[in-house]
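Trainee: Below is one structure. I have some questions about it.
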2 protein chains.
Amino acid sequence: MTRPIILLHRPQLGENIGSCARVMLNFGLTELRLIAPRDGWPNAAAEPLSAGAFEAGVRVEVFDTIEAALGDLGTVLAATARPRGMEKPVVDAVGGAEAIQQRGLKTGILFGAENHGLPSEAVGLADMIMTYPVNPSFASLNLAQAVGVFCASWGASEGAVGRWQGEKSGVEPPAPKQDLIRMFEHLEEELERAGYFYPPDKTPLMKTNIRNGFIRGDWTAQEVRTFRGAIKALALGRGQARIKRDN
Amino acid sequence: MTRPIILLHRPQLGENIGSCARVMLNFGLTELRLIAPRDGWPNAAAEPLSAGAFEAGVRVEVFDTIEAALGDLGTVLAATARPRGMEKPVVDAVGGAEAIQQRGLKTGILFGAENHGLPSEAVGLADMIMTYPVNPSFASLNLAQAVGVFCASWGASEGAVGRWQGEKSGVEPPAPKQDLIRMFEHLEEELERAGYFYPPDKTPLMKTNIRNGFIRGDWTAQEVRTFRGAIKALALGRGQARIKRDN
């Protein structure tokens, strides 16, 4: 299977990006995606800490939004230290490496910014939460360390493919995230129009709650198409029940 | 048992010592031994990278020789990337954490200098060699990363975070099926009204397809309530957007 991609959301320090690249390549990972890096990219501060990892094989892609960065992925793990109270599987680094081997899809591991971690909307798009059993009174890992712990577990699991006995028997693979994101946008647009999101300060939470349930279901592309038809029907009607609307 | 002690042999950069202290405390380790640190101790360069770990609990002892630093230990693991051709057990980070738990003795994990790693005499004093499955063409880990990988495995061996079981492990249990069934009936009734189910002979299949995705998601009771609100909003609108309907 393809090796997992590391995604850094709004990383601040070039030094940390360089350190991430180094430890990625130490364990054989080469795809790094930066989402809205604070100081842009390329960043000269990344070079010394990378120990030459960029020249030796780590490729960097830059994205403006999480949605764009996740679009082509089939499995996303969100690394977070804080409990989120979201209904998702929670794994540690070893469990995360095993789970993505088992699912066998194009995978991204999403890490938050040095100061804030990941926003809940980002966690909401993930299939699983990955967290480490840290000391609760000193829980904040350096960003590159957090990446390194995962990379080491991935490296260790490479010999273990096929050992995993969990099931998941669906014939169809889950749809790529971009299909789900478009479905969410469609649903939310119609809900917006219907006056569903009230009060406004609760809107992001309401959206995340709805998205969570869908993300967990590993919907196939066919199921996404079917349900988009259902959203359209609910909002507009179909056939003789169709209502007229300009947009 | 007592938690393992981290030993750094001839560390060069204060920054790396600070980073080691931070990641140690992240995973609950508090004893750091420095053997002949190049720039002496204390070292002002260690402070910023430590993120306050020294004040928060990491204690440092300084020794002149490896023999003195290892003297009171019952188990010693030597971390090394290179094969040594020595007749010792070789473990990875997970295996190392398990082995020291099993032996139950006062334990030290010995890491070499940034540039040279550990001298063979130092490895010779160890009970086991600990090595990580690194990329052979880019094998040199940052010192603090090497320490971090062990610390994380130690933390994980202490228990806490769940392993991937091929099943969902959220805090809330899935809603009883009757809640989902009512939600399906609600959704299907509205879709019926909207003229969605066409042609009639395909209706049972369409319903099953929609239900499948939801069932797989293990929706909680709260999520079911939230989504039922969404169906209602789509069908009827809410607040000022509400449409009038008799039933």
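By convention here, the chains of the structure tokens are called A, B, ... in the order presented, each chain's residues are numbered starting at 1, and ligands are numbered starting at 1 in the order presented.
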Residues within 9 Å of A:Lys207, please, as JSON, numbers by chain. Count only C-alpha atoms; anything in the same chain fewer than 4 positions from it doesn't count.

Mentor: {"A": [121, 124, 184, 188, 197, 202, 203, 211, 212]}

Trainee: Pick out each residue of stretch 50-167 of chain B that DSSP on the backbone tags as helix (DSSP H, G or I); I need them as a VMD selection string.

Mentor: chain B and resid 50 53 to 56 66 to 70 93 to 103 120 to 124 143 to 157

Trainee: Please give chain B as a PDB file with C-alpha atoms, in the first residue's frame, after it has been superposed on chain A by least squares over all Cα atoms paired in order.

Mentor:
```
ATOM      1  CA  MET B   1       7.008  30.887   9.876  1.00  0.00           C
ATOM      2  CA  THR B   2       9.216  28.161   8.500  1.00  0.00           C
ATOM      3  CA  ARG B   3       7.739  24.713   8.427  1.00  0.00           C
ATOM      4  CA  PRO B   4       9.082  22.220  10.947  1.00  0.00           C
ATOM      5  CA  ILE B   5      11.928  19.897  10.111  1.00  0.00           C
ATOM      6  CA  ILE B   6      11.652  16.168  10.783  1.00  0.00           C
ATOM      7  CA  LEU B   7      14.727  14.553  12.344  1.00  0.00           C
ATOM      8  CA  LEU B   8      15.222  10.781  12.521  1.00  0.00           C
ATOM      9  CA  HIS B   9      17.809   9.565  15.005  1.00  0.00           C
ATOM     10  CA  ARG B  10      19.662   6.409  13.881  1.00  0.00           C
ATOM     11  CA  PRO B  11      16.864   5.123  11.617  1.00  0.00           C
ATOM     12  CA  GLN B  12      17.366   1.502  10.687  1.00  0.00           C
ATOM     13  CA  LEU B  13      15.112   0.672   7.740  1.00  0.00           C
ATOM     14  CA  GLY B  14      15.274   2.530   4.460  1.00  0.00           C
ATOM     15  CA  GLU B  15      11.617   1.604   3.962  1.00  0.00           C
ATOM     16  CA  ASN B  16      10.674   3.664   6.994  1.00  0.00           C
ATOM     17  CA  ILE B  17      12.694   6.640   5.764  1.00  0.00           C
ATOM     18  CA  GLY B  18      10.862   6.452   2.455  1.00  0.00           C
ATOM     19  CA  SER B  19       7.490   6.228   4.186  1.00  0.00           C
ATOM     20  CA  CYS B  20       8.382   9.206   6.381  1.00  0.00           C
ATOM     21  CA  ALA B  21       9.259  11.279   3.335  1.00  0.00           C
ATOM     22  CA  ARG B  22       5.951  10.390   1.691  1.00  0.00           C
ATOM     23  CA  VAL B  23       3.782  11.368   4.644  1.00  0.00           C
ATOM     24  CA  MET B  24       5.824  14.534   5.251  1.00  0.00           C
ATOM     25  CA  LEU B  25       5.181  15.734   1.742  1.00  0.00           C
ATOM     26  CA  ASN B  26       1.510  14.698   2.004  1.00  0.00           C
ATOM     27  CA  PHE B  27       1.207  17.419   4.638  1.00  0.00           C
ATOM     28  CA  GLY B  28       3.563  19.905   3.051  1.00  0.00           C
ATOM     29  CA  LEU B  29       6.781  19.263   5.010  1.00  0.00           C
ATOM     30  CA  THR B  30       9.967  19.075   2.980  1.00  0.00           C
ATOM     31  CA  GLU B  31      13.004  19.099   5.302  1.00  0.00           C
ATOM     32  CA  LEU B  32      14.242  15.713   6.549  1.00  0.00           C
ATOM     33  CA  ARG B  33      17.376  15.288   8.620  1.00  0.00           C
ATOM     34  CA  LEU B  34      18.916  11.871   9.209  1.00  0.00           C
ATOM     35  CA  ILE B  35      21.236  11.416  12.155  1.00  0.00           C
ATOM     36  CA  ALA B  36      23.641   8.506  11.648  1.00  0.00           C
ATOM     37  CA  PRO B  37      21.297   6.336   9.563  1.00  0.00           C
ATOM     38  CA  ARG B  38      22.284   2.688  10.015  1.00  0.00           C
ATOM     39  CA  ASP B  39      22.538   1.861   6.316  1.00  0.00           C
ATOM     40  CA  GLY B  40      23.948   5.200   5.178  1.00  0.00           C
ATOM     41  CA  TRP B  41      22.383   7.561   2.697  1.00  0.00           C
ATOM     42  CA  PRO B  42      21.196   7.379  -0.069  1.00  0.00           C
ATOM     43  CA  ASN B  43      19.453   4.079   0.578  1.00  0.00           C
ATOM     44  CA  ALA B  44      17.760   2.253  -2.299  1.00  0.00           C
ATOM     45  CA  ALA B  45      15.211   0.690   0.056  1.00  0.00           C
ATOM     46  CA  ALA B  46      13.737   4.135   0.735  1.00  0.00           C
ATOM     47  CA  GLU B  47      12.716   4.817  -2.828  1.00  0.00           C
ATOM     48  CA  PRO B  48       9.693   2.519  -3.408  1.00  0.00           C
ATOM     49  CA  LEU B  49       7.952   3.494  -0.183  1.00  0.00           C
ATOM     50  CA  SER B  50       8.521   7.201  -0.799  1.00  0.00           C
ATOM     51  CA  ALA B  51       6.095   7.226  -3.742  1.00  0.00           C
ATOM     52  CA  GLY B  52       8.380   9.780  -5.396  1.00  0.00           C
ATOM     53  CA  ALA B  53       8.532  12.192  -2.453  1.00  0.00           C
ATOM     54  CA  PHE B  54      12.273  12.811  -2.798  1.00  0.00           C
ATOM     55  CA  GLU B  55      11.934  13.837  -6.428  1.00  0.00           C
ATOM     56  CA  ALA B  56       8.803  15.839  -5.621  1.00  0.00           C
ATOM     57  CA  GLY B  57      10.367  18.004  -2.958  1.00  0.00           C
ATOM     58  CA  VAL B  58      11.651  16.304   0.209  1.00  0.00           C
ATOM     59  CA  ARG B  59      15.268  17.302   0.817  1.00  0.00           C
ATOM     60  CA  VAL B  60      17.499  15.096   2.955  1.00  0.00           C
ATOM     61  CA  GLU B  61      20.492  16.188   5.022  1.00  0.00           C
ATOM     62  CA  VAL B  62      22.680  13.743   6.911  1.00  0.00           C
ATOM     63  CA  PHE B  63      24.395  14.486  10.251  1.00  0.00           C
ATOM     64  CA  ASP B  64      26.738  12.484  12.440  1.00  0.00           C
ATOM     65  CA  THR B  65      25.480  13.722  15.784  1.00  0.00           C
ATOM     66  CA  ILE B  66      22.264  14.991  17.354  1.00  0.00           C
ATOM     67  CA  GLU B  67      24.034  18.167  18.444  1.00  0.00           C
ATOM     68  CA  ALA B  68      25.008  19.012  14.894  1.00  0.00           C
ATOM     69  CA  ALA B  69      21.531  18.194  13.560  1.00  0.00           C
ATOM     70  CA  LEU B  70      19.807  20.430  16.136  1.00  0.00           C
ATOM     71  CA  GLY B  71      22.331  23.235  16.040  1.00  0.00           C
ATOM     72  CA  ASP B  72      20.398  25.815  14.040  1.00  0.00           C
ATOM     73  CA  LEU B  73      16.980  25.152  15.565  1.00  0.00           C
ATOM     74  CA  GLY B  74      15.084  27.394  17.977  1.00  0.00           C
ATOM     75  CA  THR B  75      12.468  24.859  19.106  1.00  0.00           C
ATOM     76  CA  VAL B  76      12.881  21.111  19.388  1.00  0.00           C
ATOM     77  CA  LEU B  77      10.185  18.582  20.231  1.00  0.00           C
ATOM     78  CA  ALA B  78      11.236  15.064  21.158  1.00  0.00           C
ATOM     79  CA  ALA B  79       8.706  12.375  20.233  1.00  0.00           C
ATOM     80  CA  THR B  80       8.614   9.607  22.763  1.00  0.00           C
ATOM     81  CA  ALA B  81       6.097   7.032  23.924  1.00  0.00           C
ATOM     82  CA  ARG B  82       7.678   6.444  27.316  1.00  0.00           C
ATOM     83  CA  PRO B  83       7.384   8.804  30.278  1.00  0.00           C
ATOM     84  CA  ARG B  84      10.782  10.308  30.976  1.00  0.00           C
ATOM     85  CA  GLY B  85      10.385  11.968  34.318  1.00  0.00           C
ATOM     86  CA  MET B  86      11.914  15.119  32.890  1.00  0.00           C
ATOM     87  CA  GLU B  87      10.805  18.613  33.777  1.00  0.00           C
ATOM     88  CA  LYS B  88       9.620  19.639  30.373  1.00  0.00           C
ATOM     89  CA  PRO B  89       6.270  20.565  28.923  1.00  0.00           C
ATOM     90  CA  VAL B  90       4.501  17.502  27.543  1.00  0.00           C
ATOM     91  CA  VAL B  91       2.245  17.937  24.512  1.00  0.00           C
ATOM     92  CA  ASP B  92       0.282  15.696  22.175  1.00  0.00           C
ATOM     93  CA  ALA B  93       0.437  16.065  18.398  1.00  0.00           C
ATOM     94  CA  VAL B  94      -2.170  18.823  18.259  1.00  0.00           C
ATOM     95  CA  GLY B  95      -0.625  20.642  21.201  1.00  0.00           C
ATOM     96  CA  GLY B  96       2.806  20.294  19.632  1.00  0.00           C
ATOM     97  CA  ALA B  97       1.668  21.823  16.363  1.00  0.00           C
ATOM     98  CA  GLU B  98       0.040  24.695  18.257  1.00  0.00           C
ATOM     99  CA  ALA B  99       3.067  25.265  20.467  1.00  0.00           C
ATOM    100  CA  ILE B 100       5.493  25.580  17.601  1.00  0.00           C
ATOM    101  CA  GLN B 101       3.172  27.896  15.733  1.00  0.00           C
ATOM    102  CA  GLN B 102       3.056  30.054  18.841  1.00  0.00           C
ATOM    103  CA  ARG B 103       6.795  30.139  19.384  1.00  0.00           C
ATOM    104  CA  GLY B 104       7.370  30.996  15.751  1.00  0.00           C
ATOM    105  CA  LEU B 105      10.964  29.729  15.660  1.00  0.00           C
ATOM    106  CA  LYS B 106      12.777  27.334  13.379  1.00  0.00           C
ATOM    107  CA  THR B 107      11.597  23.987  14.664  1.00  0.00           C
ATOM    108  CA  GLY B 108      12.642  20.354  14.571  1.00  0.00           C
ATOM    109  CA  ILE B 109      10.688  17.256  15.603  1.00  0.00           C
ATOM    110  CA  LEU B 110      12.997  14.505  16.731  1.00  0.00           C
ATOM    111  CA  PHE B 111      12.055  10.816  16.398  1.00  0.00           C
ATOM    112  CA  GLY B 112      14.044   7.862  17.723  1.00  0.00           C
ATOM    113  CA  ALA B 113      15.127   4.588  16.141  1.00  0.00           C
ATOM    114  CA  GLU B 114      12.696   1.730  15.454  1.00  0.00           C
ATOM    115  CA  ASN B 115      14.053  -0.469  18.202  1.00  0.00           C
ATOM    116  CA  HIS B 116      15.192   1.884  20.962  1.00  0.00           C
ATOM    117  CA  GLY B 117      13.410   5.197  20.618  1.00  0.00           C
ATOM    118  CA  LEU B 118      15.358   8.281  21.645  1.00  0.00           C
ATOM    119  CA  PRO B 119      18.229   8.196  24.130  1.00  0.00           C
ATOM    120  CA  SER B 120      17.702  10.374  27.192  1.00  0.00           C
ATOM    121  CA  GLU B 121      20.502  12.725  26.112  1.00  0.00           C
ATOM    122  CA  ALA B 122      18.563  13.489  22.975  1.00  0.00           C
ATOM    123  CA  VAL B 123      15.340  14.092  24.899  1.00  0.00           C
ATOM    124  CA  GLY B 124      17.338  16.324  27.228  1.00  0.00           C
ATOM    125  CA  LEU B 125      18.076  18.685  24.352  1.00  0.00           C
ATOM    126  CA  ALA B 126      14.426  19.151  23.500  1.00  0.00           C
ATOM    127  CA  ASP B 127      12.198  22.024  24.612  1.00  0.00           C
ATOM    128  CA  MET B 128       9.161  19.825  24.902  1.00  0.00           C
ATOM    129  CA  ILE B 129       8.228  16.177  24.922  1.00  0.00           C
ATOM    130  CA  MET B 130       5.612  15.155  22.386  1.00  0.00           C
ATOM    131  CA  THR B 131       3.723  11.976  23.143  1.00  0.00           C
ATOM    132  CA  TYR B 132       0.584  10.323  21.813  1.00  0.00           C
ATOM    133  CA  PRO B 133      -2.228   8.782  23.869  1.00  0.00           C
ATOM    134  CA  VAL B 134      -1.439   5.197  22.918  1.00  0.00           C
ATOM    135  CA  ASN B 135      -2.776   1.881  24.132  1.00  0.00           C
ATOM    136  CA  PRO B 136      -0.386   1.019  26.982  1.00  0.00           C
ATOM    137  CA  SER B 137      -0.459  -2.665  26.130  1.00  0.00           C
ATOM    138  CA  PHE B 138       0.403  -2.097  22.447  1.00  0.00           C
ATOM    139  CA  ALA B 139       2.296   1.179  22.466  1.00  0.00           C
ATOM    140  CA  SER B 140       4.954   0.804  19.802  1.00  0.00           C
ATOM    141  CA  LEU B 141       4.104   2.800  16.691  1.00  0.00           C
ATOM    142  CA  ASN B 142       5.766   2.212  13.381  1.00  0.00           C
ATOM    143  CA  LEU B 143       8.287   5.039  12.889  1.00  0.00           C
ATOM    144  CA  ALA B 144       6.611   6.458   9.796  1.00  0.00           C
ATOM    145  CA  GLN B 145       3.211   6.309  11.523  1.00  0.00           C
ATOM    146  CA  ALA B 146       4.612   8.302  14.433  1.00  0.00           C
ATOM    147  CA  VAL B 147       5.925  10.889  11.985  1.00  0.00           C
ATOM    148  CA  GLY B 148       2.629  10.839  10.100  1.00  0.00           C
ATOM    149  CA  VAL B 149       0.540  11.618  13.175  1.00  0.00           C
ATOM    150  CA  PHE B 150       2.573  14.739  13.805  1.00  0.00           C
ATOM    151  CA  CYS B 151       2.558  15.792  10.145  1.00  0.00           C
ATOM    152  CA  ALA B 152      -1.223  15.487   9.997  1.00  0.00           C
ATOM    153  CA  SER B 153      -1.613  17.626  13.116  1.00  0.00           C
ATOM    154  CA  TRP B 154       0.733  20.173  11.644  1.00  0.00           C
ATOM    155  CA  GLY B 155      -1.258  20.212   8.427  1.00  0.00           C
ATOM    156  CA  ALA B 156      -4.507  20.622  10.358  1.00  0.00           C
ATOM    157  CA  SER B 157      -3.072  23.484  12.411  1.00  0.00           C
ATOM    158  CA  GLU B 158      -2.348  25.313   9.203  1.00  0.00           C
ATOM    159  CA  GLY B 159      -6.091  25.514   8.656  1.00  0.00           C
ATOM    160  CA  ALA B 160      -8.092  24.375   5.648  1.00  0.00           C
ATOM    161  CA  VAL B 161     -10.611  21.656   6.401  1.00  0.00           C
ATOM    162  CA  GLY B 162     -13.623  22.520   8.506  1.00  0.00           C
ATOM    163  CA  ARG B 163     -14.219  21.299  12.001  1.00  0.00           C
ATOM    164  CA  TRP B 164     -17.475  19.626  12.893  1.00  0.00           C
ATOM    165  CA  GLN B 165     -19.820  22.377  14.002  1.00  0.00           C
ATOM    166  CA  GLY B 166     -22.895  20.307  14.648  1.00  0.00           C
ATOM    167  CA  GLU B 167     -24.237  21.610  11.398  1.00  0.00           C
ATOM    168  CA  LYS B 168     -24.054  20.917   7.698  1.00  0.00           C
ATOM    169  CA  SER B 169     -21.208  22.430   5.769  1.00  0.00           C
ATOM    170  CA  GLY B 170     -21.811  21.360   2.180  1.00  0.00           C
ATOM    171  CA  VAL B 171     -20.972  23.635  -0.727  1.00  0.00           C
ATOM    172  CA  GLU B 172     -24.580  24.242  -1.690  1.00  0.00           C
ATOM    173  CA  PRO B 173     -26.932  25.990   0.696  1.00  0.00           C
ATOM    174  CA  PRO B 174     -30.233  24.319   1.564  1.00  0.00           C
ATOM    175  CA  ALA B 175     -33.074  25.130  -0.817  1.00  0.00           C
ATOM    176  CA  PRO B 176     -35.428  27.889   0.305  1.00  0.00           C
ATOM    177  CA  LYS B 177     -38.307  26.438   2.252  1.00  0.00           C
ATOM    178  CA  GLN B 178     -40.753  27.281  -0.489  1.00  0.00           C
ATOM    179  CA  ASP B 179     -39.047  24.718  -2.760  1.00  0.00           C
ATOM    180  CA  LEU B 180     -39.431  22.065  -0.109  1.00  0.00           C
ATOM    181  CA  ILE B 181     -43.023  23.038   0.542  1.00  0.00           C
ATOM    182  CA  ARG B 182     -43.863  22.668  -3.135  1.00  0.00           C
ATOM    183  CA  MET B 183     -42.138  19.308  -3.118  1.00  0.00           C
ATOM    184  CA  PHE B 184     -44.186  18.226  -0.103  1.00  0.00           C
ATOM    185  CA  GLU B 185     -47.392  19.367  -1.751  1.00  0.00           C
ATOM    186  CA  HIS B 186     -46.490  17.476  -4.879  1.00  0.00           C
ATOM    187  CA  LEU B 187     -45.674  14.323  -2.912  1.00  0.00           C
ATOM    188  CA  GLU B 188     -48.758  14.601  -0.743  1.00  0.00           C
ATOM    189  CA  GLU B 189     -51.029  15.206  -3.702  1.00  0.00           C
ATOM    190  CA  GLU B 190     -49.790  12.046  -5.346  1.00  0.00           C
ATOM    191  CA  LEU B 191     -50.052  10.096  -2.102  1.00  0.00           C
ATOM    192  CA  GLU B 192     -53.593  11.378  -1.680  1.00  0.00           C
ATOM    193  CA  ARG B 193     -54.453  10.183  -5.141  1.00  0.00           C
ATOM    194  CA  ALA B 194     -52.913   6.800  -4.350  1.00  0.00           C
ATOM    195  CA  GLY B 195     -55.083   6.414  -1.281  1.00  0.00           C
ATOM    196  CA  TYR B 196     -52.132   6.548   1.102  1.00  0.00           C
ATOM    197  CA  PHE B 197     -53.604   8.798   3.760  1.00  0.00           C
ATOM    198  CA  TYR B 198     -55.848   6.590   5.785  1.00  0.00           C
ATOM    199  CA  PRO B 199     -57.527   6.923   8.235  1.00  0.00           C
ATOM    200  CA  PRO B 200     -58.347  10.589   7.659  1.00  0.00           C
ATOM    201  CA  ASP B 201     -57.796  11.706  11.256  1.00  0.00           C
ATOM    202  CA  LYS B 202     -54.197  10.450  11.073  1.00  0.00           C
ATOM    203  CA  THR B 203     -53.466  12.369   7.885  1.00  0.00           C
ATOM    204  CA  PRO B 204     -51.922  15.507   9.439  1.00  0.00           C
ATOM    205  CA  LEU B 205     -49.588  13.389  11.579  1.00  0.00           C
ATOM    206  CA  MET B 206     -48.549  11.233   8.628  1.00  0.00           C
ATOM    207  CA  LYS B 207     -47.763  14.335   6.619  1.00  0.00           C
ATOM    208  CA  THR B 208     -45.720  15.823   9.428  1.00  0.00           C
ATOM    209  CA  ASN B 209     -43.752  12.618   9.864  1.00  0.00           C
ATOM    210  CA  ILE B 210     -42.823  12.522   6.211  1.00  0.00           C
ATOM    211  CA  ARG B 211     -41.954  16.208   6.096  1.00  0.00           C
ATOM    212  CA  ASN B 212     -39.726  15.959   9.158  1.00  0.00           C
ATOM    213  CA  GLY B 213     -37.226  13.621   7.613  1.00  0.00           C
ATOM    214  CA  PHE B 214     -36.889  15.759   4.523  1.00  0.00           C
ATOM    215  CA  ILE B 215     -36.564  19.014   6.423  1.00  0.00           C
ATOM    216  CA  ARG B 216     -33.770  17.646   8.559  1.00  0.00           C
ATOM    217  CA  GLY B 217     -31.778  16.722   5.477  1.00  0.00           C
ATOM    218  CA  ASP B 218     -31.232  20.325   4.362  1.00  0.00           C
ATOM    219  CA  TRP B 219     -31.971  19.404   0.767  1.00  0.00           C
ATOM    220  CA  THR B 220     -30.513  21.632  -1.895  1.00  0.00           C
ATOM    221  CA  ALA B 221     -32.522  23.085  -4.746  1.00  0.00           C
ATOM    222  CA  GLN B 222     -30.966  20.551  -7.101  1.00  0.00           C
ATOM    223  CA  GLU B 223     -31.889  17.665  -4.857  1.00  0.00           C
ATOM    224  CA  VAL B 224     -35.434  18.945  -4.632  1.00  0.00           C
ATOM    225  CA  ARG B 225     -35.673  19.055  -8.433  1.00  0.00           C
ATOM    226  CA  THR B 226     -34.226  15.552  -8.711  1.00  0.00           C
ATOM    227  CA  PHE B 227     -36.648  14.144  -6.195  1.00  0.00           C
ATOM    228  CA  ARG B 228     -39.619  15.879  -7.728  1.00  0.00           C
ATOM    229  CA  GLY B 229     -38.730  14.090 -10.929  1.00  0.00           C
ATOM    230  CA  ALA B 230     -38.705  10.872  -8.969  1.00  0.00           C
ATOM    231  CA  ILE B 231     -42.156  11.509  -7.501  1.00  0.00           C
ATOM    232  CA  LYS B 232     -43.501  12.238 -10.956  1.00  0.00           C
ATOM    233  CA  ALA B 233     -41.947   9.076 -12.332  1.00  0.00           C
ATOM    234  CA  LEU B 234     -43.386   6.969  -9.544  1.00  0.00           C
ATOM    235  CA  ALA B 235     -46.826   8.418 -10.007  1.00  0.00           C
ATOM    236  CA  LEU B 236     -46.945   8.644 -13.760  1.00  0.00           C
ATOM    237  CA  GLY B 237     -44.041   6.692 -15.206  1.00  0.00           C
ATOM    238  CA  ARG B 238     -41.699   8.223 -17.713  1.00  0.00           C
ATOM    239  CA  GLY B 239     -40.994   7.680 -21.395  1.00  0.00           C
ATOM    240  CA  GLN B 240     -42.592   4.476 -22.642  1.00  0.00           C
ATOM    241  CA  ALA B 241     -43.700   3.619 -19.108  1.00  0.00           C
ATOM    242  CA  ARG B 242     -45.771   6.829 -18.960  1.00  0.00           C
ATOM    243  CA  ILE B 243     -49.414   6.430 -18.090  1.00  0.00           C
ATOM    244  CA  LYS B 244     -52.075   8.756 -19.409  1.00  0.00           C
ATOM    245  CA  ARG B 245     -53.893  10.964 -16.980  1.00  0.00           C
ATOM    246  CA  ASP B 246     -55.952  14.074 -17.537  1.00  0.00           C
ATOM    247  CA  ASN B 247     -54.509  16.176 -14.720  1.00  0.00           C
TER     248      ASN B 247
END
```

Trainee: Write out as a ChimeraX atom specification all residues of stretch 19-100 of chain A that DSSP puts in strand (DSSP E) for this structure's backbone.

Mentor: /A:31-35,59-63,75-79,90-91

Trainee: Can I get the selected residues back with N, CA and C atoms, as a PDB file, in the first residue's frame?

Mentor:
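The resulting file, part37.pdb, is reproduced below:
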```pdb
ATOM      1  N   GLU A  31       6.027  11.995   1.908  1.00  0.00           N
ATOM      2  CA  GLU A  31       5.037  12.961   1.433  1.00  0.00           C
ATOM      3  C   GLU A  31       4.607  13.868   2.578  1.00  0.00           C
ATOM      4  N   LEU A  32       4.887  15.154   2.430  1.00  0.00           N
ATOM      5  CA  LEU A  32       4.552  16.141   3.468  1.00  0.00           C
ATOM      6  C   LEU A  32       3.644  17.205   2.862  1.00  0.00           C
ATOM      7  N   ARG A  33       2.497  17.423   3.492  1.00  0.00           N
ATOM      8  CA  ARG A  33       1.586  18.465   3.021  1.00  0.00           C
ATOM      9  C   ARG A  33       1.481  19.554   4.084  1.00  0.00           C
ATOM     10  N   LEU A  34       1.652  20.782   3.661  1.00  0.00           N
ATOM     11  CA  LEU A  34       1.543  21.922   4.567  1.00  0.00           C
ATOM     12  C   LEU A  34       0.255  22.664   4.249  1.00  0.00           C
ATOM     13  N   ILE A  35      -0.550  22.896   5.262  1.00  0.00           N
ATOM     14  CA  ILE A  35      -1.794  23.629   5.079  1.00  0.00           C
ATOM     15  C   ILE A  35      -1.617  25.017   5.673  1.00  0.00           C
ATOM     16  N   ARG A  59       9.068  15.205  -0.244  1.00  0.00           N
ATOM     17  CA  ARG A  59       8.408  16.152  -1.137  1.00  0.00           C
ATOM     18  C   ARG A  59       7.358  16.952  -0.359  1.00  0.00           C
ATOM     19  N   VAL A  60       7.278  18.241  -0.651  1.00  0.00           N
ATOM     20  CA  VAL A  60       6.345  19.111   0.064  1.00  0.00           C
ATOM     21  C   VAL A  60       5.292  19.640  -0.900  1.00  0.00           C
ATOM     22  N   GLU A  61       4.027  19.577  -0.487  1.00  0.00           N
ATOM     23  CA  GLU A  61       2.956  20.241  -1.220  1.00  0.00           C
ATOM     24  C   GLU A  61       2.268  21.216  -0.265  1.00  0.00           C
ATOM     25  N   VAL A  62       1.845  22.346  -0.784  1.00  0.00           N
ATOM     26  CA  VAL A  62       1.212  23.365   0.047  1.00  0.00           C
ATOM     27  C   VAL A  62      -0.251  23.525  -0.361  1.00  0.00           C
ATOM     28  N   PHE A  63      -1.130  23.613   0.622  1.00  0.00           N
ATOM     29  CA  PHE A  63      -2.568  23.774   0.382  1.00  0.00           C
ATOM     30  C   PHE A  63      -3.090  24.959   1.193  1.00  0.00           C
ATOM     31  N   THR A  75      -8.354   7.563   4.182  1.00  0.00           N
ATOM     32  CA  THR A  75      -8.305   7.429   5.637  1.00  0.00           C
ATOM     33  C   THR A  75      -7.560   8.632   6.203  1.00  0.00           C
ATOM     34  N   VAL A  76      -8.147   9.256   7.207  1.00  0.00           N
ATOM     35  CA  VAL A  76      -7.476  10.379   7.863  1.00  0.00           C
ATOM     36  C   VAL A  76      -7.452  10.142   9.368  1.00  0.00           C
ATOM     37  N   LEU A  77      -6.274  10.260   9.958  1.00  0.00           N
ATOM     38  CA  LEU A  77      -6.133  10.242  11.415  1.00  0.00           C
ATOM     39  C   LEU A  77      -5.796  11.648  11.875  1.00  0.00           C
ATOM     40  N   ALA A  78      -6.501  12.115  12.900  1.00  0.00           N
ATOM     41  CA  ALA A  78      -6.200  13.423  13.475  1.00  0.00           C
ATOM     42  C   ALA A  78      -5.451  13.214  14.783  1.00  0.00           C
ATOM     43  N   ALA A  79      -4.252  13.795  14.863  1.00  0.00           N
ATOM     44  CA  ALA A  79      -3.452  13.670  16.087  1.00  0.00           C
ATOM     45  C   ALA A  79      -3.854  14.783  17.046  1.00  0.00           C
ATOM     46  N   VAL A  90     -10.567   5.877  18.845  1.00  0.00           N
ATOM     47  CA  VAL A  90      -9.362   6.520  19.363  1.00  0.00           C
ATOM     48  C   VAL A  90      -8.255   5.474  19.387  1.00  0.00           C
ATOM     49  N   VAL A  91      -7.118   5.813  18.797  1.00  0.00           N
ATOM     50  CA  VAL A  91      -6.000   4.873  18.741  1.00  0.00           C
ATOM     51  C   VAL A  91      -4.739   5.558  19.249  1.00  0.00           C
TER      52      VAL A  91
END
```
